[in-house]
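Novice: Below is my_file39.cif; it holds mmCIF, C-alpha atoms.
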```
data_upload
loop_
_atom_site.label_atom_id
_atom_site.label_comp_id
_atom_site.auth_asym_id
_atom_site.auth_seq_id
_atom_site.Cartn_x
_atom_site.Cartn_y
_atom_site.Cartn_z
CA MET A 88 -56.95 7.65 -27.75
CA SER A 89 -55.79 10.35 -30.10
CA VAL A 90 -52.48 10.34 -31.94
CA GLY A 91 -51.35 13.42 -30.00
CA LYS A 92 -51.88 11.68 -26.66
CA VAL A 93 -50.02 8.58 -27.86
CA LEU A 94 -47.10 10.73 -29.03
CA LEU A 95 -47.11 12.67 -25.78
CA ALA A 96 -47.18 9.44 -23.73
CA THR A 97 -44.38 7.96 -25.88
CA ALA A 98 -42.33 11.14 -25.51
CA GLY A 99 -42.93 11.05 -21.73
CA VAL A 100 -41.83 7.40 -21.47
CA PHE A 101 -38.80 8.16 -23.65
CA LEU A 102 -37.90 11.19 -21.52
CA ILE A 103 -38.26 9.21 -18.29
CA GLY A 104 -36.14 6.41 -19.79
CA CYS A 105 -33.46 8.89 -20.87
CA LEU A 106 -33.43 10.56 -17.45
CA THR A 107 -33.18 7.16 -15.72
CA ILE A 108 -30.34 5.98 -17.96
CA GLY A 109 -28.60 9.35 -17.69
CA GLY A 110 -28.97 9.33 -13.91
CA CYS A 111 -27.53 5.81 -13.70
CA ALA A 112 -24.62 6.76 -15.97
CA TYR A 113 -23.95 9.91 -13.95
CA SER A 114 -24.09 7.97 -10.68
CA GLY A 115 -21.88 5.15 -12.02
CA TYR A 116 -19.32 7.58 -13.43
CA ASN A 117 -19.14 9.44 -10.12
CA ARG A 118 -18.83 6.15 -8.20
CA ALA A 119 -15.89 5.08 -10.38
CA ILE A 120 -14.16 8.41 -9.72
CA SER A 121 -14.92 8.20 -6.00
CA LEU A 122 -13.56 4.65 -5.69
CA ASP A 123 -10.42 5.62 -7.61
CA GLU A 124 -9.85 8.57 -5.28
CA GLN A 125 -10.37 6.35 -2.22
CA VAL A 126 -7.68 3.98 -3.49
CA LYS A 127 -5.32 6.92 -4.09
CA SER A 128 -6.05 8.29 -0.63
CA ALA A 129 -5.46 4.89 0.97
CA TRP A 130 -2.16 4.56 -0.91
CA ALA A 131 -1.14 8.02 0.31
CA GLN A 132 -1.58 6.77 3.88
CA VAL A 133 0.52 3.68 3.13
CA ASP A 134 3.12 5.95 1.55
CA ASN A 135 3.04 8.18 4.62
CA GLN A 136 3.81 5.24 6.90
CA LEU A 137 6.50 3.94 4.54
CA GLN A 138 8.08 7.40 4.60
CA ARG A 139 8.00 7.35 8.41
CA ARG A 140 9.61 3.92 8.37
CA PHE A 141 12.35 5.03 5.99
CA ASP A 142 13.00 8.18 8.02
CA LEU A 143 13.23 6.24 11.28
CA LEU A 144 15.40 3.43 10.03
CA PRO A 145 18.67 5.37 9.54
CA ASN A 146 18.61 6.15 13.27
CA LEU A 147 18.06 2.51 14.12
CA VAL A 148 20.80 1.43 11.74
CA SER A 149 23.25 3.97 13.18
CA THR A 150 22.58 2.68 16.67
CA VAL A 151 22.99 -0.95 15.69
CA LYS A 152 26.11 -0.21 13.60
CA GLY A 153 27.94 0.87 16.73
CA TYR A 154 27.45 -2.61 18.17
CA ALA A 155 27.79 -4.78 15.07
CA ALA A 156 30.01 -3.04 12.57
CA HIS A 157 30.99 -6.31 10.86
CA GLU A 158 27.40 -6.99 9.75
CA GLU A 159 27.76 -4.50 6.92
CA ASP A 160 25.81 -6.54 4.36
CA VAL A 161 22.65 -6.20 6.46
CA PHE A 162 23.01 -2.44 6.56
CA LEU A 163 23.78 -2.21 2.87
CA GLY A 164 20.64 -4.24 2.11
CA VAL A 165 18.55 -1.84 4.18
CA ALA A 166 20.09 1.17 2.44
CA LYS A 167 19.58 -0.30 -1.04
CA THR A 168 15.93 -1.13 -0.48
CA ARG A 169 15.35 2.34 0.95
CA GLU A 170 16.97 3.88 -2.11
CA SER A 171 14.95 1.74 -4.54
CA TYR A 172 11.74 2.80 -2.77
CA PHE A 173 12.48 6.48 -3.25
CA GLN A 174 13.46 5.94 -6.89
CA ALA A 175 10.11 4.19 -7.48
CA LYS A 176 8.35 6.99 -5.62
CA LYS A 177 9.80 9.55 -8.03
CA THR A 178 8.26 7.71 -10.98
CA GLY A 179 4.94 7.30 -9.16
CA ASP A 180 4.82 3.55 -9.87
CA VAL A 181 2.80 2.09 -6.99
CA GLY A 182 3.72 -1.47 -7.99
CA GLU A 183 7.45 -0.71 -7.83
CA GLN A 184 7.01 1.13 -4.53
CA ALA A 185 5.22 -1.90 -3.08
CA LYS A 186 7.97 -4.19 -4.42
CA ALA A 187 10.67 -2.02 -2.84
CA ALA A 188 8.76 -1.89 0.45
CA ASN A 189 8.50 -5.67 0.43
CA GLY A 190 12.25 -5.96 -0.18
CA PHE A 191 12.73 -3.65 2.76
CA GLU A 192 10.79 -6.03 4.98
CA SER A 193 13.24 -8.79 4.18
CA ALA A 194 16.17 -6.54 5.06
CA LEU A 195 14.40 -5.41 8.20
CA SER A 196 13.85 -8.99 9.37
CA ARG A 197 17.60 -9.63 8.94
CA LEU A 198 18.30 -6.52 10.98
CA LEU A 199 16.00 -7.70 13.76
CA VAL A 200 17.68 -11.13 13.72
CA LEU A 201 20.98 -9.29 14.11
CA GLN A 202 19.54 -7.61 17.18
CA GLU A 203 18.64 -11.04 18.61
CA LYS A 204 22.19 -12.31 17.98
CA TYR A 205 23.77 -9.50 19.96
CA PRO A 206 22.19 -9.36 23.44
CA ASP A 207 24.08 -6.19 24.38
CA LEU A 208 21.90 -4.35 21.86
CA LYS A 209 18.90 -5.13 24.04
CA ALA A 210 20.47 -3.26 26.92
CA ASN A 211 20.98 -0.14 24.86
CA GLU A 212 18.17 2.25 25.80
CA GLY A 213 18.41 4.19 22.54
CA PHE A 214 18.08 1.00 20.56
CA LEU A 215 15.03 -0.07 22.58
CA LYS A 216 13.31 3.27 21.99
CA LEU A 217 14.02 3.13 18.28
CA GLN A 218 12.87 -0.48 18.14
CA ASP A 219 9.58 0.49 19.85
CA SER A 220 9.12 3.33 17.37
CA LEU A 221 9.81 0.99 14.49
CA GLU A 222 7.36 -1.56 15.86
CA GLY A 223 4.70 1.14 16.15
CA THR A 224 5.40 2.22 12.59
CA GLU A 225 5.15 -1.36 11.35
CA ASN A 226 1.79 -1.75 13.11
CA ARG A 227 0.46 1.47 11.60
CA LEU A 228 1.78 0.40 8.22
CA ALA A 229 0.01 -2.95 8.51
CA VAL A 230 -3.27 -1.18 9.26
CA GLU A 231 -2.84 1.23 6.33
CA ARG A 232 -1.96 -1.65 4.01
CA GLN A 233 -5.12 -3.43 5.03
CA ARG A 234 -7.20 -0.31 4.39
CA TYR A 235 -5.52 0.19 1.03
CA ASN A 236 -6.18 -3.40 -0.01
CA GLU A 237 -9.84 -3.07 1.06
CA GLN A 238 -10.19 0.01 -1.16
CA VAL A 239 -8.48 -1.82 -4.02
CA LYS A 240 -10.90 -4.72 -3.58
CA THR A 241 -13.90 -2.39 -3.73
CA LEU A 242 -12.59 -0.62 -6.84
CA ASN A 243 -11.57 -3.82 -8.61
CA THR A 244 -14.92 -5.45 -7.85
CA PHE A 245 -16.70 -2.43 -9.30
CA THR A 246 -14.53 -2.36 -12.43
CA ARG A 247 -15.17 -6.06 -13.07
CA GLN A 248 -18.96 -5.72 -12.92
CA LEU A 249 -20.81 -5.28 -16.20
CA LEU A 250 -21.92 -1.68 -15.82
CA GLY A 251 -19.01 -0.83 -13.53
CA LYS A 252 -16.59 -1.73 -16.31
CA ILE A 253 -18.40 0.69 -18.63
CA TYR A 254 -18.48 3.50 -16.06
CA ALA A 255 -14.83 2.95 -15.12
CA GLY A 256 -13.91 3.04 -18.82
CA LEU A 257 -15.78 6.33 -19.27
CA ALA A 258 -14.03 7.80 -16.23
CA GLY A 259 -10.60 6.45 -17.23
CA VAL A 260 -10.39 4.44 -14.01
CA LYS A 261 -8.35 1.23 -14.12
CA PRO A 262 -8.16 -1.64 -11.62
CA ALA A 263 -5.60 -1.04 -8.88
CA GLU A 264 -2.81 -3.31 -7.73
CA TYR A 265 -2.94 -4.98 -4.31
CA PHE A 266 -0.10 -4.48 -1.86
CA ASN A 267 0.90 -8.10 -1.26
CA VAL A 268 3.57 -9.43 1.04
CA PRO A 269 6.21 -11.41 -0.86
CA GLU A 270 6.78 -15.06 0.01
CA ALA A 271 10.28 -14.32 1.34
CA ALA A 272 8.87 -11.94 3.95
CA LYS A 273 6.40 -14.60 5.15
CA ALA A 274 9.17 -16.98 6.21
CA ASN A 275 10.13 -17.01 9.87
CA PRO A 276 13.61 -15.63 10.45
CA LYS A 277 16.08 -18.25 11.64
CA LEU A 278 17.93 -17.45 14.81
CA ASP A 279 21.29 -19.05 15.46
CA PHE A 280 22.65 -18.57 18.95
CA SER A 281 25.48 -21.08 18.54
CA LYS A 282 28.07 -18.49 17.47
CA LYS A 283 29.30 -15.66 19.61
CA PRO A 284 30.37 -12.32 18.13
#
```
So, in terms of structure tokens, how does the structure I just supplied come out?
Specialist:
Amino acid sequence: MSVGKVLLATAGVFLIGCLTIGGCAYSGYNRAISLDEQVKSAWAQVDNQLQRRFDLLPNLVSTVKGYAAHEEDVFLGVAKTRESYFQAKKTGDVGEQAKAANGFESALSRLLVLQEKYPDLKANEGFLKLQDSLEGTENRLAVERQRYNEQVKTLNTFTRQLLGKIYAGLAGVKPAEYFNVPEAAKANPKLDFSKKP
């Protein structure tokens, strides 16, 4: 074999190696970007449902207030968590938004317990319609949370893998934060029917 053929073969192998490595890097970089965008898109859907929830709730609160005006602390808790959510939304901090949404769930469970304590609320048609809307929103929110967490899992798995970590670093993609339910929201609400309003 002549020196020219050996150099040509070496150059060919080198070129193929460079193209393969370049193709893998290009593909990995694009995958990191794609996974990051999927997480952002999934969070936008969660945010959409949270916005729906926060828009619907003032109507529910107004309806319930007419029947239970002395339960002001429940309504203040709902208003404060709603406000903290929108403050976190302005800063774009997903972790703080999730924290505020979780605090809202605690306030919401107290509001629903209030509804159980006052049976005349059940007879109010407006309240029932709003409660159905809120239940539908909560179901949609649960689905969107699950989808978001699945996207976070996919991204975080990719960014923890050897080459994925490199590609994510090149693309400026960081692991995302899961939307977890706080321990307080997992507890069953306690109903006390011994006192009458």
Novice: Applying 12 Å and all atoms listed in the file, which residues near A:Ala188 remain after dropping the ones on its own chain fewer than 2 positions away? List them as a count of residues only.
Specialist: 40
Novice: Can you find the residues with an atom no farther than 9 Å from (-11.7, 7.0, -8.8), counting only C-alpha atoms, and report them as a ChimeraX atom specification?
Specialist: /A:116-127,242,255,258-261
Novice: If you measure from atom CA of A:Gln238 to atom CA of A:Tyr254, what distance in Å do you get, rounded to one decimal?
Specialist: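 Separation between atom CA of A:Gln238 and atom CA of A:Tyr254: 17.4 Å.
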Novice: With 4 Å added on each side, what axis-aligned box encloses every listed atom of stretch 246-254 of chain A? Give the centre and edge lengths in Å to one decimal, as JSON.
Specialist:
```
{"center_x": -18.2, "center_y": -1.3, "center_z": -15.5, "size_x": 15.4, "size_y": 17.6, "size_z": 14.2}
```
Novice: If I take atom CA of A:Gly179 and atom CA of A:Val239, how far is one from the other in Å, to one decimal?
Specialist: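 Separation of atom CA of A:Gly179 and atom CA of A:Val239: 17.0 Å.
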Novice: If I take atom CA of A:Leu221 and atom CA of A:Val200, how far is one from the other in Å, to one decimal?
Specialist: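 Rounded to one decimal, the two atoms are 14.5 Å apart.
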Novice: Would you mind telling me which residue in A:Ala96, A:Leu199, A:Cys111, A:Ala187 lies nearest to A:Leu215 when using all atoms listed in the file?
Specialist: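 That would be A:Leu199, the residue with the smallest distance to A:Leu215.
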